[in-house]
file protein08.cif (mmCIF, C-alpha atoms and all ligand atoms)
data_entry
loop_
_atom_site.label_atom_id
_atom_site.label_comp_id
_atom_site.auth_asym_id
_atom_site.auth_seq_id
_atom_site.Cartn_x
_atom_site.Cartn_y
_atom_site.Cartn_z
CA MET A 5 2.10 19.05 -9.32
CA ASN A 6 5.56 17.53 -9.88
CA GLN A 7 5.67 13.82 -10.51
CA ILE A 8 8.40 12.26 -8.41
CA VAL A 9 7.96 8.67 -9.60
CA THR A 10 6.22 7.54 -12.75
CA THR A 11 6.25 4.11 -14.32
CA GLN A 12 4.94 3.24 -17.73
CA ASN A 13 3.75 -0.29 -18.41
CA LEU A 14 6.35 -1.53 -15.97
CA SER A 15 6.54 -5.32 -16.16
CA LYS A 16 8.67 -8.15 -14.82
CA ARG A 17 8.39 -11.67 -16.15
CA TYR A 18 10.05 -14.84 -14.92
CA GLY A 19 9.79 -17.47 -17.64
CA SER A 20 6.28 -17.15 -18.95
CA LYS A 21 4.83 -15.76 -15.70
CA TYR A 22 4.46 -12.04 -15.15
CA CYS A 23 4.86 -11.09 -11.49
CA VAL A 24 4.40 -7.41 -12.36
CA LYS A 25 2.36 -6.49 -15.42
CA ASP A 26 1.87 -3.08 -17.03
CA ILE A 27 2.09 -1.04 -13.84
CA ASN A 28 1.49 2.68 -14.39
CA LEU A 29 2.35 4.29 -11.12
CA SER A 30 2.30 8.00 -10.47
CA VAL A 31 3.59 9.48 -7.23
CA SER A 32 3.34 13.26 -6.82
CA GLU A 33 5.62 15.53 -4.81
CA GLY A 34 4.79 15.59 -1.10
CA ASP A 35 2.65 12.46 -1.36
CA ILE A 36 2.70 9.59 1.06
CA PHE A 37 1.86 6.96 -1.50
CA GLY A 38 0.67 3.67 0.00
CA PHE A 39 1.43 0.71 -2.24
CA LEU A 40 -0.88 -2.02 -1.04
CA GLY A 41 -1.23 -5.65 -1.91
CA PRO A 42 -1.22 -9.11 -0.38
CA ASN A 43 1.98 -11.15 0.00
CA GLY A 44 3.43 -12.07 -3.37
CA ALA A 45 1.42 -9.41 -5.22
CA GLY A 46 4.54 -7.82 -6.74
CA LYS A 47 5.22 -4.86 -4.43
CA SER A 48 8.89 -5.57 -3.70
CA THR A 49 9.58 -6.36 -7.34
CA THR A 50 8.03 -3.04 -8.41
CA LEU A 51 9.97 -1.07 -5.78
CA LYS A 52 13.24 -2.77 -6.76
CA MET A 53 12.66 -1.83 -10.39
CA ILE A 54 11.92 1.77 -9.36
CA LEU A 55 15.22 1.84 -7.45
CA GLY A 56 17.15 0.42 -10.38
CA LEU A 57 17.98 -2.73 -8.39
CA MET A 58 16.21 -4.95 -10.90
CA ARG A 59 15.86 -4.62 -14.64
CA PRO A 60 12.29 -4.52 -15.97
CA THR A 61 11.26 -6.98 -18.68
CA ASP A 62 9.22 -4.21 -20.30
CA GLY A 63 8.20 -0.64 -19.61
CA ASN A 64 10.12 2.16 -17.98
CA VAL A 65 10.61 4.11 -14.78
CA LYS A 66 11.21 7.80 -14.29
CA VAL A 67 12.33 9.23 -10.96
CA PHE A 68 12.34 13.04 -10.64
CA GLY A 69 11.27 13.01 -14.30
CA LYS A 70 14.52 11.31 -15.36
CA ASP A 71 15.43 7.89 -16.73
CA PHE A 72 17.85 5.81 -14.69
CA GLU A 73 20.18 5.50 -17.62
CA GLY A 74 22.58 8.40 -17.48
CA ASN A 75 21.08 9.74 -14.23
CA ARG A 76 21.65 6.88 -11.83
CA GLN A 77 24.01 8.77 -9.53
CA LEU A 78 21.80 11.84 -9.39
CA ILE A 79 18.63 9.85 -8.68
CA LEU A 80 20.20 7.67 -6.00
CA SER A 81 21.80 10.63 -4.23
CA GLN A 82 18.32 12.06 -3.65
CA THR A 83 16.61 8.78 -2.84
CA GLY A 84 16.62 6.81 0.40
CA SER A 85 15.29 3.30 0.67
CA LEU A 86 14.69 0.39 2.97
CA ILE A 87 13.90 -2.77 1.05
CA GLU A 88 13.37 -5.90 3.13
CA SER A 89 15.19 -6.03 6.50
CA PRO A 90 17.87 -3.46 7.29
CA SER A 91 21.52 -4.65 7.22
CA TYR A 92 23.74 -3.71 10.12
CA TYR A 93 26.67 -4.93 12.20
CA ALA A 94 25.19 -6.30 15.43
CA HIS A 95 28.44 -5.90 17.41
CA LEU A 96 28.66 -2.17 16.61
CA SER A 97 26.56 0.63 18.05
CA GLY A 98 23.76 2.38 16.17
CA LEU A 99 25.99 5.43 15.77
CA GLU A 100 28.92 3.37 14.45
CA ASN A 101 26.63 1.66 11.96
CA MET A 102 25.34 5.03 10.79
CA ARG A 103 28.89 6.37 10.41
CA ILE A 104 29.83 3.44 8.16
CA VAL A 105 26.93 4.16 5.82
CA GLN A 106 27.61 7.90 5.98
CA ARG A 107 31.24 7.41 4.90
CA LEU A 108 30.40 4.84 2.26
CA ARG A 109 27.83 7.12 0.71
CA ASN A 110 29.93 10.23 1.16
CA ILE A 111 27.25 12.10 3.09
CA PRO A 112 28.05 15.03 5.46
CA GLU A 113 28.71 13.86 9.03
CA LYS A 114 26.16 16.23 10.55
CA ASN A 115 23.38 14.24 8.84
CA VAL A 116 24.05 11.28 11.15
CA SER A 117 22.73 13.04 14.25
CA GLU A 118 19.89 14.61 12.27
CA ALA A 119 18.73 11.20 10.96
CA LEU A 120 19.05 9.61 14.42
CA LYS A 121 16.98 12.47 15.82
CA ILE A 122 14.24 12.03 13.23
CA VAL A 123 13.80 8.37 14.18
CA ARG A 124 14.23 9.16 17.89
CA LEU A 125 17.24 6.96 18.44
CA GLU A 126 19.65 9.62 19.70
CA ASN A 127 19.44 8.34 23.27
CA GLN A 128 20.22 4.78 22.23
CA LYS A 129 22.84 5.55 19.64
CA ASP A 130 25.72 4.14 21.72
CA LYS A 131 24.05 0.81 22.40
CA LYS A 132 25.11 -2.24 20.35
CA VAL A 133 22.58 -2.89 17.59
CA GLY A 134 22.50 -6.58 18.58
CA GLN A 135 20.78 -5.37 21.77
CA TYR A 136 18.21 -3.24 19.94
CA SER A 137 14.56 -4.28 19.89
CA LEU A 138 13.03 -5.12 16.50
CA GLY A 139 11.39 -1.69 16.38
CA MET A 140 14.69 0.04 17.13
CA LYS A 141 16.45 -1.96 14.41
CA GLN A 142 13.73 -0.97 11.99
CA ARG A 143 14.06 2.68 13.00
CA LEU A 144 17.83 2.42 12.49
CA GLY A 145 17.14 1.08 8.99
CA ILE A 146 14.91 4.08 8.32
CA ALA A 147 17.59 6.40 9.75
CA MET A 148 20.06 4.92 7.24
CA ALA A 149 17.57 5.55 4.45
CA LEU A 150 17.16 9.12 5.71
CA LEU A 151 20.88 9.84 5.95
CA SER A 152 21.08 12.01 2.87
CA ILE A 153 17.77 13.73 3.86
CA PRO A 154 16.49 12.49 0.50
CA LYS A 155 13.72 13.98 -1.60
CA LEU A 156 12.24 10.52 -2.09
CA LEU A 157 11.98 7.82 0.55
CA ILE A 158 11.01 4.28 -0.46
CA LEU A 159 10.09 1.86 2.31
CA ASP A 160 9.14 -1.76 1.68
CA GLU A 161 6.87 -3.05 4.47
CA PRO A 162 8.69 -1.04 7.16
CA THR A 163 6.43 -2.21 9.98
CA ASN A 164 6.66 -5.94 9.23
CA GLY A 165 6.98 -7.88 12.46
CA LEU A 166 6.48 -4.89 14.76
CA ASP A 167 4.03 -4.74 17.64
CA PRO A 168 1.21 -2.14 17.60
CA ALA A 169 3.28 0.40 19.56
CA GLY A 170 6.19 0.03 17.12
CA ILE A 171 3.82 0.34 14.18
CA GLY A 172 2.34 3.50 15.70
CA GLU A 173 5.79 5.06 16.16
CA ILE A 174 6.86 4.40 12.58
CA ARG A 175 3.51 5.68 11.33
CA GLU A 176 3.94 9.00 13.18
CA LEU A 177 7.50 9.26 11.97
CA ILE A 178 6.54 8.74 8.30
CA LYS A 179 3.60 11.11 8.58
CA SER A 180 5.88 13.95 9.71
CA LEU A 181 8.36 13.69 6.81
CA PRO A 182 6.57 15.51 3.96
CA LYS A 183 5.80 18.56 6.11
CA ARG A 184 9.10 18.75 7.96
CA TYR A 185 11.46 17.90 5.13
CA GLY A 186 9.41 18.22 1.95
CA MET A 187 9.91 14.51 1.32
CA THR A 188 7.84 12.27 -0.88
CA VAL A 189 7.28 8.81 0.57
CA LEU A 190 6.47 5.59 -1.24
CA ILE A 191 5.61 2.89 1.27
CA SER A 192 4.41 -0.66 0.67
CA SER A 193 2.29 -2.77 2.96
CA HIS A 194 -0.08 -5.69 2.92
CA LEU A 195 -2.19 -4.07 5.63
CA LEU A 196 -4.79 -1.53 4.63
CA SER A 197 -5.20 -0.39 8.24
CA GLU A 198 -1.59 0.75 8.22
CA ILE A 199 -1.78 2.65 4.95
CA GLU A 200 -5.24 4.06 5.60
CA GLN A 201 -3.97 6.19 8.46
CA ILE A 202 -0.98 7.78 6.75
CA ALA A 203 -1.31 7.68 2.97
CA THR A 204 -2.51 10.58 0.89
CA SER A 205 -2.69 8.36 -2.21
CA VAL A 206 -2.95 4.65 -2.66
CA GLY A 207 -2.19 2.04 -5.30
CA ILE A 208 -3.54 -1.48 -4.93
CA ILE A 209 -1.72 -4.34 -6.65
CA ASN A 210 -2.88 -7.92 -6.90
CA ASP A 211 -1.24 -10.75 -8.83
CA GLY A 212 1.07 -8.24 -10.49
CA ASN A 213 -1.79 -6.06 -11.79
CA MET A 214 -2.68 -2.59 -10.61
CA MET A 215 -6.29 -2.77 -9.46
CA PHE A 216 -6.78 0.78 -8.23
CA GLN A 217 -4.89 4.03 -8.01
CA GLY A 218 -6.13 7.28 -6.48
CA ASN A 219 -6.66 8.98 -3.15
CA MET A 220 -8.43 7.42 -0.18
CA ASP A 221 -11.66 9.30 -0.81
CA GLU A 222 -11.77 8.09 -4.40
CA LEU A 223 -11.32 4.56 -3.15
CA LYS A 224 -14.20 4.94 -0.70
CA ASN A 225 -16.39 6.57 -3.36
CA LYS A 226 -15.74 3.80 -5.86
CA SER A 227 -17.46 1.32 -3.65
CA HIS A 228 -21.17 0.95 -4.00
CA PRO A 229 -23.23 0.15 -0.94
CA ASN A 230 -25.06 -3.15 -0.67
CA ILE A 231 -28.78 -3.20 -0.07
CA MET A 232 -29.93 -5.86 2.38
CA ILE A 233 -33.55 -6.92 2.46
CA LYS A 234 -35.01 -9.19 5.10
CA THR A 235 -38.39 -10.78 4.45
CA ARG A 236 -40.49 -13.37 6.21
CA ASN A 237 -39.77 -15.84 3.38
CA ASN A 238 -36.37 -15.16 1.79
CA LEU A 239 -36.44 -18.32 -0.31
CA LEU A 240 -39.68 -17.34 -2.03
CA ALA A 241 -38.54 -13.72 -2.28
CA LYS A 242 -35.32 -14.77 -4.02
CA GLU A 243 -37.26 -16.89 -6.52
CA LEU A 244 -39.68 -14.09 -7.28
CA LEU A 245 -36.95 -11.48 -7.66
CA SER A 246 -34.74 -13.74 -9.78
CA ASP A 247 -37.67 -14.03 -12.22
CA LYS A 248 -37.62 -10.23 -12.39
CA GLY A 249 -33.93 -10.12 -13.28
CA PHE A 250 -32.37 -9.47 -9.86
CA SER A 251 -29.65 -11.73 -8.52
CA PRO A 252 -29.45 -11.40 -4.77
CA PHE A 253 -27.39 -13.71 -2.57
CA TYR A 254 -27.98 -14.83 0.99
CA ARG A 255 -26.15 -13.34 3.95
CA GLU A 256 -27.26 -14.43 7.38
CA ASP A 257 -31.03 -13.96 7.36
CA SER A 258 -31.20 -11.39 4.55
CA LEU A 259 -30.99 -11.12 0.79
CA VAL A 260 -28.11 -8.96 -0.38
CA PHE A 261 -28.23 -6.94 -3.58
CA GLY A 262 -25.33 -5.13 -5.22
CA ASN A 263 -25.73 -1.58 -6.34
CA LEU A 264 -29.48 -0.74 -6.64
CA THR A 265 -31.08 2.52 -7.71
CA ASP A 266 -33.89 4.01 -5.61
CA GLU A 267 -36.31 3.01 -8.37
CA GLN A 268 -35.16 -0.60 -8.19
CA VAL A 269 -35.62 -0.64 -4.40
CA ILE A 270 -39.17 0.64 -4.87
CA GLN A 271 -39.81 -2.00 -7.55
CA ILE A 272 -38.48 -4.81 -5.33
CA ASN A 273 -40.49 -3.64 -2.33
CA ARG A 274 -43.71 -3.41 -4.39
CA SER A 275 -43.15 -6.84 -5.97
CA LEU A 276 -42.65 -8.44 -2.58
CA THR A 277 -45.66 -6.86 -0.90
CA SER A 278 -47.98 -7.57 -3.83
CA ALA A 279 -46.87 -11.24 -3.65
CA ASN A 280 -47.78 -11.16 0.05
CA ILE A 281 -44.17 -11.58 1.16
CA ASP A 282 -43.75 -9.44 4.28
CA VAL A 283 -40.77 -7.09 4.16
CA LEU A 284 -39.20 -6.81 7.61
CA ARG A 285 -36.14 -4.66 6.89
CA ILE A 286 -34.50 -2.74 4.03
CA GLU A 287 -31.01 -1.59 4.92
CA GLU A 288 -28.14 0.10 3.15
CA ASN A 289 -24.84 -1.46 4.08
CA LYS A 290 -21.86 0.75 3.27
CA LYS A 291 -18.69 -1.24 2.76
CA ASN A 292 -15.74 -0.26 4.89
CA LEU A 293 -12.31 0.12 3.36
CA GLU A 294 -11.16 -3.23 4.67
CA SER A 295 -13.89 -5.09 2.82
CA ILE A 296 -13.24 -3.06 -0.33
CA PHE A 297 -9.57 -4.01 -0.15
CA LEU A 298 -10.41 -7.66 0.43
CA GLU A 299 -12.84 -7.62 -2.44
CA ILE A 300 -10.26 -6.15 -4.80
CA THR A 301 -7.42 -8.38 -3.75
CA GLY A 302 -9.35 -11.47 -2.68
CA LYS A 303 -11.46 -11.82 -5.77
CA GLY A 304 -8.97 -10.13 -8.05
CA ARG A 305 -11.68 -7.83 -9.41
CA SER A 306 -10.84 -4.35 -10.59
CA LEU A 307 -12.87 -1.47 -9.17
N1 LIG A 401 13.59 -14.62 -8.89
C1 LIG A 401 12.33 -14.99 -9.02
N2 LIG A 401 11.95 -16.01 -9.82
C2 LIG A 401 10.66 -16.37 -9.97
N3 LIG A 401 9.62 -15.76 -9.35
C3 LIG A 401 9.91 -14.73 -8.53
C4 LIG A 401 11.27 -14.28 -8.32
N4 LIG A 401 11.24 -13.23 -7.45
C5 LIG A 401 9.93 -13.04 -7.13
N5 LIG A 401 9.15 -13.93 -7.77
C6 LIG A 401 7.66 -14.03 -7.68
O1 LIG A 401 7.12 -12.78 -8.00
C7 LIG A 401 5.92 -12.57 -7.24
C8 LIG A 401 5.96 -11.20 -6.59
O2 LIG A 401 6.93 -11.16 -5.56
P1 LIG A 401 7.20 -9.86 -4.67
O3 LIG A 401 8.28 -10.19 -3.68
O4 LIG A 401 7.40 -8.70 -5.55
O5 LIG A 401 5.81 -9.70 -3.93
P2 LIG A 401 5.41 -8.76 -2.72
O6 LIG A 401 4.12 -8.13 -3.08
O7 LIG A 401 6.52 -7.85 -2.36
O8 LIG A 401 5.15 -9.78 -1.59
P3 LIG A 401 5.78 -9.93 -0.12
O9 LIG A 401 5.02 -8.96 0.72
O10 LIG A 401 5.50 -11.36 0.22
O11 LIG A 401 7.25 -9.61 -0.26
C9 LIG A 401 5.83 -13.71 -6.26
O12 LIG A 401 4.87 -14.62 -6.73
C10 LIG A 401 7.21 -14.30 -6.26
O13 LIG A 401 7.16 -15.68 -6.00
#
call {"tool": "encode", "arguments": {"input": "protein08.cif", "output": "structure tokens"}}
result
Amino acid sequence: MNQIVTTQNLSKRYGSKYCVKDINLSVSEGDIFGFLGPNGAGKSTTLKMILGLMRPTDGNVKVFGKDFEGNRQLILSQTGSLIESPSYYAHLSGLENMRIVQRLRNIPEKNVSEALKIVRLENQKDKKVGQYSLGMKQRLGIAMALLSIPKLLILDEPTNGLDPAGIGEIRELIKSLPKRYGMTVLISSHLLSEIEQIATSVGIINDGNMMFQGNMDELKNKSHPNIMIKTRNNLLAKELLSDKGFSPFYREDSLVFGNLTDEQVIQINRSLTSANIDVLRIEENKKNLESIFLEITGKGRSL
């Protein structure tokens, strides 16, 4: 499959502090690639370097298999982006704003109505943008990014500040782009729930480091279930099992173990019963994606 964006050891350092470190990103054609990470993780910085808006300290970026140097014009003519909030003239209509961008970027006029149609703003195109809702302004920003009907669309937190209905609309809109227009989408967010529903691939960044990259199923499969054991005397059980090399921790009224094999579960159960500690429950607790994400980003641990 064609690689639309690849980065190699992409890094950005301010003084002695790296805010992006050795990022190797790979976005394939037709992907909706979700770039996830908490605030300040380095998402915007990475996207700006990919778009040639910021110079990397180290590493390199290829878009459509080409370096920016010598191919800037070609790359940007096939790339649309919305980084941070959209810029517009509030006293002009949506259509007038679109026309300004269309002329500035030397894009055919017919694309204006096409882009407004994609974001479903054609009925409000004559309204002043100052009177648009936040969601409409955001959709106008996406329409501007879509003006050239680009091969690659890069959106930095496009649903920031929107209500659930607005988020839903943008989600449906983004989801339709690869099929309808053959686009590849790179979208950043700090919310897993948002990415989970639209992305085909995901990259998780924390503190400037890439913690995971793959598809959603790989992410789910990487997580090992916890085993929770409830006994009549958890304190004694923990002591006994610690002596045998296990290191459970308490959660509510149970002991929680990380990844255990079936053999280890049998061994634990036998040890407890032969020490006359009644076992009340043994449960497997599969982690949901949200807790996996929190674990990766919260504790900064790589999967
Ligand atoms: N010009 C700068 N000088 C020093 N540090 C900077 C500069 N620009 C960004 N940073 C730092 O780089 C880190 C990454 O910032 P970045 O904006 O890329 O994060 P982000 O993941 O996009 O977060 P957010 O969702 O909050 O925008 C942050 O800790 C930020 O403070």
call {"tool": "closest_residue", "arguments": {"input": "protein08.cif", "among": "A:Thr301, A:Ser205, A:Asn238, A:Thr83", "to": "ligand LIG 401 (chain A)", "atoms": "all atoms listed in the file"}}
result
A:Thr301
call {"tool": "residues_near_point", "arguments": {"input": "protein08.cif", "point": "(-9.9, -3.0, 2.2)", "cutoff": "10 Å", "atoms": "all atoms listed in the file", "output": "number ranges by chain"}}
result
A: 40-41, 195-197, 200, 208, 223-224, 291-302
call {"tool": "atom_distance", "arguments": {"input": "protein08.cif", "atom1": "atom O13 of ligand LIG 401 (chain A)", "atom2": "CA of Ser15 (chain A)"}}
result
14.5 Å
call {"tool": "residues_around", "arguments": {"input": "protein08.cif", "residues": "Asn13 (chain A)", "least_positions_apart": "2", "cutoff": "12 Å", "atoms": "all atoms listed in the file", "output": "PyMOL selection string"}}
result
chain A and resi 10-11+15-16+24-30+50+60-66+212-214
call {"tool": "residues_near_ligand", "arguments": {"input": "protein08.cif", "ligand": "ligand LIG 401 (chain A)", "cutoff": "9 Å", "atoms": "only C-alpha atoms and all ligand atoms", "output": "PyMOL selection string"}}
result
chain A and resi 16-19+21-24+40-52+88+160-161+192-194+209-212
call {"tool": "atom_distance", "arguments": {"input": "protein08.cif", "atom1": "CA of Arg124 (chain A)", "atom2": "CA of Leu138 (chain A)"}}
result
14.4 Å
call {"tool": "residues_around", "arguments": {"input": "protein08.cif", "residues": "region 121-123 of chain A", "least_positions_apart": "6", "cutoff": "12 Å", "atoms": "only C-alpha atoms", "output": "PyMOL selection string"}}
result
chain A and resi 98-99+114-115+129+139-151+153+170+173-181+184-185
call {"tool": "atom_distance", "arguments": {"input": "protein08.cif", "atom1": "CA of Asn289 (chain A)", "atom2": "CA of Asn230 (chain A)"}}
result
5.0 Å
call {"tool": "residues_around", "arguments": {"input": "protein08.cif", "residues": "region 247-255 of chain A", "least_positions_apart": "5", "cutoff": "10 Å", "atoms": "only C-alpha atoms", "output": "list in words"}}
result
Ile231, Met232, Ile233, Lys234, Asn238, Leu239, Ala241, Lys242, Val260, Phe261, Gly262, Leu264, Gln268, Gln271, Ile272 and Ser275 of chain A
call {"tool": "closest_residue", "arguments": {"input": "protein08.cif", "among": "A:Gly165, A:Asn127, A:Ser89, A:Ser152", "to": "Asn110 (chain A)", "atoms": "all atoms listed in the file"}}
result
A:Ser152
call {"tool": "closest_residue", "arguments": {"input": "protein08.cif", "among": "A:Leu108, A:Ile158, A:Ala94, A:Met187", "to": "Met53 (chain A)", "atoms": "all atoms listed in the file"}}
result
A:Ile158
call {"tool": "closest_residue", "arguments": {"input": "protein08.cif", "among": "A:Gln135, A:Phe72, A:Leu159, A:Ser32", "to": "Pro90 (chain A)", "atoms": "only C-alpha atoms"}}
result
A:Leu159
call {"tool": "residues_around", "arguments": {"input": "protein08.cif", "residues": "Leu96 (chain A)", "least_positions_apart": "3", "cutoff": "10 Å", "atoms": "all atoms listed in the file", "output": "number ranges by chain"}}
result
A: 92-93, 99-102, 130-135
